Amino acid sequence: KRLSAAIVDGIRDYFHAQPPPGTWLASNAKPRAREHVVSRGETLSLIAARHGVPLAQLRSANGLRGDMLKVGDRLRIPLGPG
């Protein structure tokens, strides 16, 4: 069940982040902060790269001083570089 839920979450996050042109998702897309749940083996720098945001901005958005994460942590993903 956890694997299937993770797959569904990943697909949903992908299409919400990059809605195909001409689709309902694209026409109703609203700029918003996203959330990422940390999985085993993920690092802060990997998560920042996947979401296309600078590492320092990801740290700042989540009040982090270092790179320590735990599985299950919820991170706020800023809208983009800036």
# chains A, B, ... in the order shown; residues from 1 in each chain; ligands from 1

$ select_by_dssp --residues "chain A" --states "helix (DSSP H, G or I)" --output "PyMOL selection string"
chain A and resi 2-17+24-27+44-51+55-61

$ write_last_selection --atoms "C-alpha atoms" --output "compact mmCIF listing (two decimals), in the first residue's frame"
# COMPACT_ATOMS: atom_id res chain seq x y z
CA ARG A 2 2.78 2.47 0.83
CA LEU A 3 4.52 1.86 -2.49
CA SER A 4 1.34 2.42 -4.50
CA ALA A 5 0.55 5.57 -2.49
CA ALA A 6 4.07 6.89 -3.14
CA ILE A 7 3.70 6.21 -6.87
CA VAL A 8 0.33 7.99 -6.99
CA ASP A 9 1.76 10.94 -5.03
CA GLY A 10 4.72 11.17 -7.39
CA ILE A 11 2.56 11.13 -10.51
CA ARG A 12 0.18 13.70 -9.03
CA ASP A 13 3.03 15.98 -7.96
CA TYR A 14 4.65 15.71 -11.39
CA PHE A 15 1.52 16.70 -13.29
CA HIS A 16 0.67 19.48 -10.85
CA ALA A 17 4.19 20.88 -11.17
CA TRP A 24 -7.64 21.07 -17.18
CA LEU A 25 -4.64 21.10 -14.85
CA ALA A 26 -2.89 23.71 -16.99
CA SER A 27 -5.92 25.99 -17.17
CA LEU A 44 18.29 18.06 1.00
CA SER A 45 20.44 18.83 -2.04
CA LEU A 46 18.76 16.07 -4.07
CA ILE A 47 15.29 17.37 -3.16
CA ALA A 48 16.32 20.94 -4.06
CA ALA A 49 17.65 19.78 -7.44
CA ARG A 50 14.53 17.73 -8.21
CA HIS A 51 12.31 20.72 -7.54
CA LEU A 55 19.52 24.66 -1.68
CA ALA A 56 19.76 27.83 0.43
CA GLN A 57 16.19 28.78 -0.50
CA LEU A 58 14.90 25.32 0.46
CA ARG A 59 16.70 25.57 3.81
CA SER A 60 15.31 29.05 4.43
CA ALA A 61 11.72 28.08 3.52

$ residues_around --residues "range 36-43 of chain A" --least-positions-apart "3" --cutoff "6 Å" --atoms "only C-alpha atoms" --output "list in words"
Leu46, Val71, Gly72, Asp73, Arg74 and Leu75 of chain A

$ select_by_dssp --residues "chain A" --states "strand (DSSP E or B)" --output "list in words"
Arg34, Glu35, His36, Val37, Arg74, Leu75, Arg76 and Ile77 of chain A

$ atom_distance --atom1 "CA of Ile77 in chain A" --atom2 "CA of Thr23 in chain A"
23.7 Å

$ atom_distance --atom1 "CA of Arg34 in chain A" --atom2 "CA of Gly66 in chain A"
20.7 Å

$ atom_distance --atom1 "CA of Arg76 in chain A" --atom2 "CA of Asn62 in chain A"
6.1 Å
